[in-house]
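*Asks:* PDB, C-alpha atoms and all ligand atoms, file final.pdb:
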ATOM      1  CA  MET M 583     112.305 119.312  82.762
ATOM      2  CA  GLN M 584     115.968 118.825  83.464
ATOM      3  CA  LYS M 585     115.073 116.360  86.177
ATOM      4  CA  SER M 586     112.904 114.353  83.804
ATOM      5  CA  LEU M 587     115.667 114.131  81.227
ATOM      6  CA  LEU M 588     118.083 112.959  83.856
ATOM      7  CA  LEU M 589     115.749 110.200  84.817
ATOM      8  CA  LEU M 590     115.123 109.155  81.246
ATOM      9  CA  THR M 591     118.827 108.732  80.540
ATOM     10  CA  GLY M 592     119.284 106.757  83.729
ATOM     11  CA  CYS M 593     116.453 104.288  83.547
ATOM     12  CA  LEU M 594     114.382 104.553  80.436
ATOM     13  CA  ALA M 595     113.476 100.898  80.480
ATOM     14  CA  LEU M 596     111.754 101.217  83.843
ATOM     15  CA  LEU M 597     109.481 104.021  82.800
ATOM     16  CA  GLY M 598     106.673 102.310  81.006
ATOM     17  CA  GLY M 599     103.148 102.826  82.093
ATOM     18  CA  VAL M 600      99.836 102.776  80.333
ATOM     19  CA  SER M 601      98.010 106.058  80.207
ATOM     20  CA  ALA M 602      95.148 106.312  82.641
ATOM     21  CA  GLN M 603      92.582 107.018  79.962
ATOM     22  CA  ALA M 604      93.542 103.995  77.908
ATOM     23  CA  ALA M 605      93.498 101.761  80.951
ATOM     24  CA  THR M 606      90.022 102.921  81.922
ATOM     25  CA  LYS M 607      88.612 101.096  78.907
ATOM     26  CA  ASN M 608      90.021  97.772  80.068
ATOM     27  CA  PRO M 609      88.367  95.712  82.773
ATOM     28  CA  THR M 610      89.601  96.603  86.253
ATOM     29  CA  PRO M 611      92.451  94.164  87.020
ATOM     30  CA  ALA M 612      92.128  91.242  89.404
ATOM     31  CA  ASN M 613      94.072  90.699  92.616
ATOM     32  CA  LYS M 614      95.062  87.139  93.520
ATOM     33  CA  TYR M 615      92.029  86.407  95.681
ATOM     34  CA  ARG M 616      88.549  85.162  94.901
ATOM     35  CA  TYR M 617      85.721  83.366  96.584
ATOM     36  CA  ALA M 618      84.862  79.908  95.205
ATOM     37  CA  ALA M 619      81.665  81.246  93.644
ATOM     38  CA  LYS M 620      80.582  84.767  92.751
ATOM     39  CA  LYS M 621      78.786  85.272  96.045
ATOM     40  CA  ALA M 622      79.636  85.709  99.686
ATOM     41  CA  ALA M 623      77.922  86.501 102.953
ATOM     42  CA  TYR M 624      79.374  88.997 105.391
ATOM     43  CA  TYR M 625      78.556  90.133 108.896
ATOM     44  CA  ASN M 626      77.946  93.885 109.177
ATOM     45  CA  LYS M 627      79.746  94.895 112.381
ATOM     46  CA  SER M 628      78.953  98.585 112.130
ATOM     47  CA  THR M 629      76.707  99.660 114.956
ATOM     48  CA  SER M 630      75.726 103.103 113.705
ATOM     49  CA  THR M 631      72.676 103.429 111.477
ATOM     50  CA  TYR M 632      74.666 105.779 109.271
ATOM     51  CA  TYR M 633      77.488 103.337 108.513
ATOM     52  CA  ARG M 634      75.210 100.314 108.356
ATOM     53  CA  SER M 635      73.282 102.047 105.587
ATOM     54  CA  ILE M 636      76.514 102.903 103.744
ATOM     55  CA  TRP M 637      77.516  99.234 103.647
ATOM     56  CA  THR M 638      73.991  98.259 102.648
ATOM     57  CA  THR M 639      73.997 100.668  99.704
ATOM     58  CA  ALA M 640      77.434  99.365  98.648
ATOM     59  CA  ARG M 641      76.149  95.782  98.804
ATOM     60  CA  LYS M 642      73.054  96.617  96.737
ATOM     61  CA  THR M 643      75.183  98.439  94.183
ATOM     62  CA  TRP M 644      77.358  95.380  93.628
ATOM     63  CA  ASN M 645      74.337  93.091  93.551
ATOM     64  CA  ALA M 646      72.584  95.204  90.918
ATOM     65  CA  SER M 647      75.592  94.717  88.637
ATOM     66  CA  LYS M 648      75.050  90.922  88.611
ATOM     67  CA  ALA M 649      78.825  90.511  88.737
ATOM     68  CA  PHE M 650      78.827  89.401  92.373
ATOM     69  CA  THR M 651      76.195  88.858  95.029
ATOM     70  CA  TRP M 652      76.826  89.953  98.578
ATOM     71  CA  SER M 653      74.446  88.871 101.305
ATOM     72  CA  THR M 654      74.474  89.500 105.019
ATOM     73  CA  THR M 655      74.693  86.962 107.784
ATOM     74  CA  THR M 656      73.886  87.246 111.472
ATOM     75  CA  ASN M 657      76.801  84.939 112.268
ATOM     76  CA  LYS M 658      79.135  87.132 114.283
ATOM     77  CA  LYS M 659      81.995  84.724 113.651
ATOM     78  CA  SER M 660      81.817  85.162 109.874
ATOM     79  CA  ARG M 661      85.334  85.644 108.487
ATOM     80  CA  SER M 662      83.908  88.063 105.945
ATOM     81  CA  PHE M 663      82.732  91.231 107.582
ATOM     82  CA  THR M 664      82.316  94.973 107.144
ATOM     83  CA  THR M 665      83.212  97.384 109.895
ATOM     84  CA  THR M 666      84.569 100.832 110.691
ATOM     85  CA  VAL M 667      87.435 102.206 112.771
ATOM     86  CA  ALA M 668      88.370 105.736 113.850
ATOM     87  CA  LYS M 669      92.164 105.902 113.656
ATOM     88  CA  ASN M 670      94.815 108.121 112.169
ATOM     89  CA  THR M 671      98.110 106.636 113.331
ATOM     90  CA  GLY M 672     100.341 103.793 112.219
ATOM     91  CA  ILE M 673      98.985 101.985 109.215
ATOM     92  CA  TRP M 674      95.799 104.040 109.352
ATOM     93  CA  THR M 675      97.545 107.360 108.728
ATOM     94  CA  ASN M 676      95.512 109.170 106.057
ATOM     95  CA  ALA M 677      93.787 105.863 105.232
ATOM     96  CA  THR M 678      90.142 106.140 104.173
ATOM     97  CA  GLY M 679      89.593 102.405 104.131
ATOM     98  CA  MET M 680      91.227  99.026 104.027
ATOM     99  CA  ALA M 681      90.576  95.563 102.689
ATOM    100  CA  TYR M 682      91.993  92.459 104.312
ATOM    101  CA  ASN M 683      91.966  89.713 101.708
ATOM    102  CA  GLY M 684      92.454  86.105 102.740
ATOM    103  CA  MET M 685      91.162  86.246 106.316
ATOM    104  CA  SER M 686      90.530  82.538 105.702
ATOM    105  CA  PHE M 687      90.684  80.012 102.853
ATOM    106  CA  ASP M 688      89.040  76.725 101.919
ATOM    107  CA  GLN M 689      91.120  73.584 101.365
ATOM    108  CA  ASN M 690      91.718  74.555  97.752
ATOM    109  CA  GLY M 691      93.018  78.029  98.444
ATOM    110  CA  ASN M 692      89.830  79.893  97.586
ATOM    111  CA  GLN M 693      89.136  82.769  99.907
ATOM    112  CA  THR M 694      86.377  82.213 102.449
ATOM    113  CA  GLY M 695      86.859  85.411 104.434
ATOM    114  CA  ALA M 696      87.693  89.034 103.648
ATOM    115  CA  ALA M 697      87.388  92.026 105.945
ATOM    116  CA  MET M 698      86.289  95.458 104.738
ATOM    117  CA  TYR M 699      86.983  98.621 106.722
ATOM    118  CA  LEU M 700      86.060 102.283 106.545
ATOM    119  CA  ASN M 701      88.023 104.778 108.614
ATOM    120  CA  ARG M 702      85.506 107.220 110.116
ATOM    121  CA  SER M 703      88.200 109.531 111.421
ATOM    122  CA  VAL M 704      89.775 110.321 108.035
ATOM    123  CA  LEU M 705      86.460 110.353 106.151
ATOM    124  CA  LYS M 706      85.115 112.886 108.640
ATOM    125  CA  LYS M 707      88.269 115.005 108.775
ATOM    126  CA  PHE M 708      88.257 115.409 105.004
ATOM    127  CA  ARG M 709      84.497 115.908 104.829
ATOM    128  CA  TYR M 710      83.541 112.993 102.614
ATOM    129  CA  THR M 711      79.832 113.097 101.780
ATOM    130  CA  LYS M 712      77.720 110.026 102.461
ATOM    131  CA  LYS M 713      77.794 109.226  98.753
ATOM    132  CA  GLN M 714      81.589 109.486  98.711
ATOM    133  CA  ARG M 715      81.871 107.240 101.782
ATOM    134  CA  THR M 716      79.667 104.779  99.955
ATOM    135  CA  ASN M 717      82.063 104.896  96.999
ATOM    136  CA  VAL M 718      84.905 103.932  99.357
ATOM    137  CA  ALA M 719      82.744 101.089 100.713
ATOM    138  CA  ILE M 720      82.061  99.845  97.167
ATOM    139  CA  HIS M 721      85.825 100.056  96.576
ATOM    140  CA  GLU M 722      86.641  97.936  99.655
ATOM    141  CA  MET M 723      84.033  95.383  98.603
ATOM    142  CA  GLY M 724      85.722  95.370  95.186
ATOM    143  CA  HIS M 725      89.078  94.444  96.761
ATOM    144  CA  ALA M 726      87.363  91.823  98.909
ATOM    145  CA  LEU M 727      85.743  90.080  95.950
ATOM    146  CA  GLY M 728      88.954  90.037  93.916
ATOM    147  CA  LEU M 729      89.794  93.365  92.274
ATOM    148  CA  LYS M 730      92.951  95.408  92.585
ATOM    149  CA  HIS M 731      93.477  99.062  91.823
ATOM    150  CA  ASN M 732      92.819 100.529  88.438
ATOM    151  CA  ASN M 733      95.285 103.185  87.226
ATOM    152  CA  LYS M 734      95.691 106.554  88.856
ATOM    153  CA  GLY M 735      93.241 108.953  87.255
ATOM    154  CA  SER M 736      91.012 106.158  85.979
ATOM    155  CA  VAL M 737      87.252 106.600  85.985
ATOM    156  CA  SER M 738      86.689 103.542  88.140
ATOM    157  CA  VAL M 739      85.503 102.777  91.646
ATOM    158  CA  MET M 740      88.898 101.028  91.968
ATOM    159  CA  ASN M 741      90.832 104.240  91.268
ATOM    160  CA  PRO M 742      93.662 104.067  93.870
ATOM    161  CA  SER M 743      92.455 107.107  95.801
ATOM    162  CA  ASN M 744      88.803 106.911  94.837
ATOM    163  CA  ARG M 745      86.394 109.384  96.301
ATOM    164  CA  VAL M 746      84.056 110.489  93.533
ATOM    165  CA  HIS M 747      83.552 107.478  91.277
ATOM    166  CA  GLY M 748      80.767 104.977  91.754
ATOM    167  CA  LEU M 749      80.771 101.457  90.352
ATOM    168  CA  ARG M 750      81.603 101.705  86.637
ATOM    169  CA  ASN M 751      81.364  99.323  83.713
ATOM    170  CA  VAL M 752      85.107  98.652  83.807
ATOM    171  CA  ASP M 753      84.731  97.446  87.393
ATOM    172  CA  ILE M 754      81.722  95.279  86.607
ATOM    173  CA  ARG M 755      83.578  93.742  83.670
ATOM    174  CA  GLY M 756      86.625  93.206  85.891
ATOM    175  CA  ALA M 757      84.562  91.382  88.513
ATOM    176  CA  LYS M 758      82.788  89.266  85.892
ATOM    177  CA  LYS M 759      86.168  88.312  84.480
ATOM    178  CA  VAL M 760      87.393  87.135  87.898
ATOM    179  CA  TYR M 761      84.443  84.764  88.155
ATOM    180  CA  ALA M 762      84.341  83.748  84.484
ATOM    181  CA  THR M 763      86.768  80.924  85.274
ATOM    182  CA  PRO M 764      85.953  78.006  87.591
ATOM    183  CA  ALA M 765      87.212  78.104  91.169
ATOM    184  CA  SER M 766      90.410  76.327  92.044
ATOM    185  CA  THR M 767      90.247  72.693  93.052
ATOM    186  CA  SER M 768      93.982  72.470  93.589
ATOM    187  CA  LYS M 769      95.240  71.808  97.093
ATOM    188  CA  ALA M 770      98.642  73.103  96.023
ATOM    189  CA  LEU M 771      97.189  76.592  95.969
ATOM    190  CA  ALA M 772      95.994  76.321  99.536
ATOM    191  CA  SER M 773      99.516  76.211 100.954
ATOM    192  CA  ALA M 774     100.481  79.300  98.951
ATOM    193  CA  ALA M 775      97.416  81.223 100.126
ATOM    194  CA  LYS M 776      98.494  84.120 102.309
ATOM    195  CA  PRO M 777      96.517  87.070 103.602
ATOM    196  CA  SER M 778      97.166  90.586 102.331
ATOM    197  CA  LEU M 779      96.103  94.075 103.312
ATOM    198  CA  THR M 780      95.306  96.841 100.886
ATOM    199  CA  VAL M 781      95.324 100.243 102.527
ATOM    200  CA  ASP M 782      93.503 103.029 100.707
ATOM    201  CA  HIS M 783      94.860 106.510 101.171
ATOM    202  CA  LEU M 784      93.508 109.967 100.562
ATOM    203  CA  LYS M 785      96.140 110.535  97.902
ATOM    204  CA  ASP M 786      97.977 108.340  95.475
ATOM    205  CA  TYR M 787     101.512 109.368  94.609
ATOM    206  CA  SER M 788     102.545 106.299  92.642
ATOM    207  CA  ASN M 789     102.672 107.959  89.279
ATOM    208  CA  ASN M 790     106.326 108.454  88.408
ATOM    209  CA  ILE M 791     107.697 111.969  88.159
ATOM    210  CA  THR M 792     104.660 114.065  89.014
ATOM    211  CA  GLY M 793     103.845 111.762  91.905
ATOM    212  CA  VAL M 794     107.321 112.177  93.333
ATOM    213  CA  GLU M 795     107.215 115.949  92.937
ATOM    214  CA  GLN M 796     103.951 115.952  94.881
ATOM    215  CA  LEU M 797     105.477 113.748  97.593
ATOM    216  CA  VAL M 798     108.440 116.114  97.923
ATOM    217  CA  HIS M 799     105.970 118.967  98.246
ATOM    218  CA  ASP M 800     103.750 117.257 100.825
ATOM    219  CA  ALA M 801     106.485 115.753 103.020
ATOM    220  CA  GLY M 802     107.435 117.880 106.012
ATOM    221  CA  THR M 803     110.723 116.046 106.421
ATOM    222  CA  ILE M 804     112.988 114.372 103.853
ATOM    223  CA  VAL M 805     116.192 112.657 104.992
ATOM    224  CA  GLU M 806     118.704 110.171 103.681
ATOM    225  CA  GLY M 807     120.411 107.687 105.978
ATOM    226  CA  THR M 808     120.834 104.117 107.172
ATOM    227  CA  ILE M 809     118.219 102.065 108.987
ATOM    228  CA  THR M 810     119.699 101.022 112.342
ATOM    229  CA  LYS M 811     116.717  99.409 114.063
ATOM    230  CA  SER M 812     113.456  97.865 112.853
ATOM    231  CA  VAL M 813     110.714  96.773 115.278
ATOM    232  CA  PRO M 814     107.560  95.090 113.921
ATOM    233  CA  HIS M 815     104.187  95.394 115.656
ATOM    234  CA  HIS M 816     102.008  92.444 114.755
ATOM    235  CA  ARG M 817      98.443  93.174 115.630
ATOM    236  CA  ALA M 818      96.708  93.188 112.275
ATOM    237  CA  PRO M 819      94.820  94.972 111.124
ATOM    238  CA  LYS M 820      94.190  97.578 113.791
ATOM    239  CA  ASN M 821      97.760  98.230 114.805
ATOM    240  CA  TYR M 822      99.895  96.911 112.036
ATOM    241  CA  TYR M 823     103.147  98.737 111.385
ATOM    242  CA  THR M 824     106.900  98.715 111.890
ATOM    243  CA  THR M 825     108.943 101.240 113.845
ATOM    244  CA  GLN M 826     112.139 102.202 111.993
ATOM    245  CA  THR M 827     115.111 104.105 113.356
ATOM    246  CA  ILE M 828     117.317 105.887 110.843
ATOM    247  CA  ARG M 829     120.819 107.338 111.320
ATOM    248  CA  ILE M 830     120.749 110.460 109.205
ATOM    249  CA  ALA M 831     123.502 111.251 106.695
ATOM    250  CA  ASP M 832     121.751 114.023 104.756
ATOM    251  CA  LYS M 833     118.870 116.327 105.580
ATOM    252  CA  PHE M 834     116.966 117.613 102.561
ATOM    253  CA  LYS M 835     113.875 119.063 104.183
ATOM    254  CA  GLY M 836     112.851 119.841 107.760
ATOM    255  CA  GLN M 837     114.836 120.119 110.991
ATOM    256  CA  THR M 838     115.879 116.886 112.730
ATOM    257  CA  GLY M 839     118.570 115.472 114.971
ATOM    258  CA  GLN M 840     121.126 112.864 113.878
ATOM    259  CA  THR M 841     118.661 110.001 114.253
ATOM    260  CA  LEU M 842     114.915 109.767 114.127
ATOM    261  CA  THR M 843     112.279 107.078 114.484
ATOM    262  CA  PHE M 844     109.303 106.745 112.180
ATOM    263  CA  THR M 845     106.537 104.243 111.485
ATOM    264  CA  GLN M 846     105.776 102.416 108.255
ATOM    265  CA  GLY M 847     103.178  99.803 107.351
ATOM    266  CA  GLY M 848     103.862  96.208 106.536
ATOM    267  CA  THR M 849     105.991  93.484 108.089
ATOM    268  CA  PRO M 850     107.694  90.343 106.791
ATOM    269  CA  ALA M 851     104.678  88.330 107.941
ATOM    270  CA  MET M 852     102.069  90.148 105.920
ATOM    271  CA  ALA M 853     102.296  92.251 102.828
ATOM    272  CA  VAL M 854     100.735  95.650 102.724
ATOM    273  CA  THR M 855     100.118  96.315  99.057
ATOM    274  CA  ASP M 856     102.613  98.842  97.704
ATOM    275  CA  SER M 857     104.963  98.479 100.636
ATOM    276  CA  VAL M 858     108.036  96.499 101.608
ATOM    277  CA  VAL M 859     109.351  96.578 105.128
ATOM    278  CA  LEU M 860     112.759  98.258 105.493
ATOM    279  CA  HIS M 861     115.638  96.368 107.093
ATOM    280  CA  PRO M 862     118.601  97.411 109.265
ATOM    281  CA  GLY M 863     121.638  98.313 107.168
ATOM    282  CA  GLU M 864     119.653  99.599 104.214
ATOM    283  CA  THR M 865     120.354 103.091 102.916
ATOM    284  CA  VAL M 866     117.167 104.945 102.184
ATOM    285  CA  VAL M 867     115.581 108.284 101.414
ATOM    286  CA  VAL M 868     112.402 108.669 103.449
ATOM    287  CA  MET M 869     109.653 111.252 103.098
ATOM    288  CA  LEU M 870     107.900 111.801 106.383
ATOM    289  CA  GLY M 871     104.887 113.424 107.891
ATOM    290  CA  ARG M 872     104.456 114.141 111.583
ATOM    291  CA  HIS M 873     101.576 113.552 113.967
ATOM    292  CA  ALA M 874     100.485 116.206 116.441
ATOM    293  CA  ASN M 875     102.284 114.227 119.168
ATOM    294  CA  GLY M 876     105.577 114.598 117.251
ATOM    295  CA  GLN M 877     105.733 111.030 115.945
ATOM    296  CA  TYR M 878     107.032 110.689 112.389
ATOM    297  CA  TYR M 879     105.466 108.408 109.776
ATOM    298  CA  ALA M 880     106.309 107.527 106.172
ATOM    299  CA  ILE M 881     103.936 109.431 103.891
ATOM    300  CA  ASN M 882     101.371 107.083 102.350
ATOM    301  CA  ASP M 883     103.222 104.038 103.497
ATOM    302  CA  GLY M 884     105.557 102.661 100.775
ATOM    303  CA  GLN M 885     105.025 105.682  98.581
ATOM    304  CA  GLY M 886     107.338 107.753 100.761
ATOM    305  CA  LEU M 887     110.199 105.230 100.872
ATOM    306  CA  PHE M 888     113.159 104.986  98.478
ATOM    307  CA  LEU M 889     115.862 102.341  98.648
ATOM    308  CA  ASP M 890     119.458 102.998  97.588
ATOM    309  CA  THR M 891     120.308 100.610  94.760
ATOM    310  CA  HIS M 892     123.372 101.508  92.734
ATOM    311  CA  THR M 893     125.265 104.327  91.084
ATOM    312  CA  ASN M 894     124.820 104.976  87.387
ATOM    313  CA  ASN M 895     126.806 107.623  85.487
ATOM    314  CA  GLY M 896     127.716 109.338  88.733
ATOM    315  CA  HIS M 897     124.122 109.447  89.986
ATOM    316  CA  GLU M 898     122.983 107.559  93.043
ATOM    317  CA  LEU M 899     119.792 105.708  92.113
ATOM    318  CA  PHE M 900     116.941 105.051  94.529
ATOM    319  CA  GLU M 901     114.140 102.564  93.990
ATOM    320  CA  HIS M 902     110.639 103.657  94.910
ATOM    321  CA  VAL M 903     109.439 100.908  97.246
ATOM    322  CA  SER M 904     105.823 101.120  96.055
ATOM    323  CA  ASP M 905     106.313 100.715  92.304
ATOM    324  CA  HIS M 906     110.036  99.925  91.805
ATOM    325  CA  VAL M 907     110.683 102.941  89.596
ATOM    326  CA  LEU M 908     114.218 104.355  89.928
ATOM    327  CA  TYR M 909     114.950 107.987  90.719
ATOM    328  CA  THR M 910     118.189 109.885  91.109
ATOM    329  CA  GLU M 911     118.798 111.296  94.558
ATOM    330  CA  GLU M 912     118.451 114.855  93.196
ATOM    331  CA  MET M 913     114.834 114.140  92.227
ATOM    332  CA  LEU M 914     113.913 113.294  95.803
ATOM    333  CA  HIS M 915     114.389 116.739  97.284
TER
HETATM  334 ZN    ZN Y1001      92.074 100.240  97.311
END
Now that the file is in, can you turn its structure into structure tokens?
Ligand SMILES: [Zn+2]
*Replies:*
Amino acid sequence: MQKSLLLLTGCLALLGGVSAQAATKNPTPANKYRYAAKKAAYYNKSTSTYYRSIWTTARKTWNASKAFTWSTTTNKKSRSFTTTVAKNTGIWTNATGMAYNGMSFDQNGNQTGAAMYLNRSVLKKFRYTKKQRTNVAIHEMGHALGLKHNNKGSVSVMNPSNRVHGLRNVDIRGAKKVYATPASTSKALASAAKPSLTVDHLKDYSNNITGVEQLVHDAGTIVEGTITKSVPHHRAPKNYYTTQTIRIADKFKGQTGQTLTFTQGGTPAMAVTDSVVLHPGETVVVMLGRHANGQYYAINDGQGLFLDTHTNNGHELFEHVSDHVLYTEEMLH
């Protein structure tokens, strides 16, 4: 409780937030992408019968809602496609799925391609049922057609760490709203059209104080220090991350040397939703997990990264990279 009070005195204005229950009644919010019309064809790259049927059920679920119509194409070069990977490193760490909006655009800036991924490795490791995997597939199709995350805790297929919810009315209304307005005919939008990845993790920590407490609990290593080296790896979306080296000033959790290297998602060239790439010279608090091979990674991408901003009333304030909320250093360990 003391920690909460400290935060409230420091940055009351930044702690807004709509309650999850209230938000669930509103249509699921839109991202900045849409197809020209409320339909799109995709190529199903999955080779296994099991995963092909998961994508098929997800497609039929969306189609039954009348909000959007997905069809399949046999064109292997289609810029819209569904597929699976089996990875648990780099950007894929603890990721159940991913959507890659804006694979391609028409001359007016409307999306013509979006890629949808399921991560077999994580779904298997955490024993998702076929129905739950289908819910993740419906979620990725939701991003692809123009929806962003609903609030944490929301009863919505676009819940940020959705596993149990199927397509709900809020999602259908959200999708209908995206396509209730005519498509863009402005060429000005085309030049601003940039691709974006949304990575879906097992857990969502972006919920202010309780989320941070959970991060502190889950992180094996928490250190404060200065970024000394930042190396991007540009091979989206399979191997898309940045290697960061930090010179450590304070160790809050876990045993480390004076420097360590960890991976985070996102680069200056492409945004990973909820993340901002760190730069040399920045002072940060990072919450890390560790792979079996000893490699460190930022927990849930941007959700484990905090940027030193300024001092207020004798407290050093850190900005949560994923949602820009400020925390005192004491709250991060
Ligand atoms: Zn998502």
*Asks:* Any idea what's packed within 8 Å of stretch 719-727 of chain M, counting all atoms listed in the file, ignoring anything in its chain fewer than 6 positions away? Could you give it as an NGL selection string?
*Replies:* :M and (613 or 615-617 or 636-637 or 640-641 or 643-644 or 650 or 679-683 or 696-700 or 739-740 or 744 or 748-749 or 757 or 780)
*Asks:* Return as a list in words every polymer residue, whether protein, DNA or RNA, with at least one atom no more than 6 Å from an atom of ligand ZN 1001 (chain Y); count only C-alpha atoms and all ligand atoms.
*Replies:*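 Using only C-alpha atoms and all ligand atoms, I find these residues within 6 Å of ligand ZN 1001 (chain Y): His731, Pro742, Thr780 and Asp782 of chain M.
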*Asks:* For the provided coordinates, the residues matched by the PyMOL selection byres (((chain M and resi 850) around 12) and not hetatm) should be stated as a VMD selection string.
*Replies:* chain M and resid 776 778 812 to 816 822 to 824 847 to 849 851 to 854 857 to 861
*Asks:* Pick out the closest residue to M:Asp753 from this set: M:His873, M:Lys607, M:Thr891, M:Leu908. Count all atoms listed in the file.
*Replies:*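 The answer is M:Lys607, which sits nearest to M:Asp753.
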*Asks:* May I have the residues within 10 Å of M:Trp674 as an NGL selection string, using only C-alpha atoms and disregarding those fewer than 4 positions away in the same chain?
*Replies:* :M and (667-670 or 678-680 or 701 or 703-704 or 781-783 or 819-823 or 847 or 882-883)
*Asks:* I'd like the interatomic distance between atom CA of M:Lys620 and atom CA of M:Arg702, to a tenth of an Å.
*Replies:* 28.8 Å
*Asks:* Quick one: which residues end up in the PyMOL selection byres (((chain M and resi 830-838) around 7) and not hetatm) for this structure, as a ChimeraX atom specification?
*Replies:* /M:802-808,828-829,839-841,915
*Asks:* Write the residues of the selection above to a file with C-alpha atoms, as a PDB file, keeping the file's coordinate frame.
*Replies:*
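Written out: selection-v1.pdb:
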ATOM      1  CA  GLY M 802     107.435 117.880 106.012  1.00  0.00           C
ATOM      2  CA  THR M 803     110.723 116.046 106.421  1.00  0.00           C
ATOM      3  CA  ILE M 804     112.988 114.372 103.853  1.00  0.00           C
ATOM      4  CA  VAL M 805     116.192 112.657 104.992  1.00  0.00           C
ATOM      5  CA  GLU M 806     118.704 110.171 103.681  1.00  0.00           C
ATOM      6  CA  GLY M 807     120.411 107.687 105.978  1.00  0.00           C
ATOM      7  CA  THR M 808     120.834 104.117 107.172  1.00  0.00           C
ATOM      8  CA  ILE M 828     117.317 105.887 110.843  1.00  0.00           C
ATOM      9  CA  ARG M 829     120.819 107.338 111.320  1.00  0.00           C
ATOM     10  CA  GLY M 839     118.570 115.472 114.971  1.00  0.00           C
ATOM     11  CA  GLN M 840     121.126 112.864 113.878  1.00  0.00           C
ATOM     12  CA  THR M 841     118.661 110.001 114.253  1.00  0.00           C
ATOM     13  CA  HIS M 915     114.389 116.739  97.284  1.00  0.00           C
TER      14      HIS M 915
END
*Asks:* Provide the atom CA of M:Tyr879 to atom CA of M:Thr810 distance in Å, to one decimal place.
*Replies:*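 Computing the Euclidean distance for atom CA of M:Tyr879 and atom CA of M:Thr810 yields 16.2 Å.
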*Asks:* Taking all atoms listed in the file into account, name the residue in M:Thr855, M:Ser653, M:Asn690, M:Ser738 that is nearest to M:Leu779.
*Replies:*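 The shortest atom-to-atom distance to M:Leu779 comes from M:Thr855.
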*Asks:* In Å, with one decimal, what is the gap from atom CA of M:Glu911 to atom CA of M:Thr845?
*Replies:*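 Interatomic distance here is 22.1 Å.
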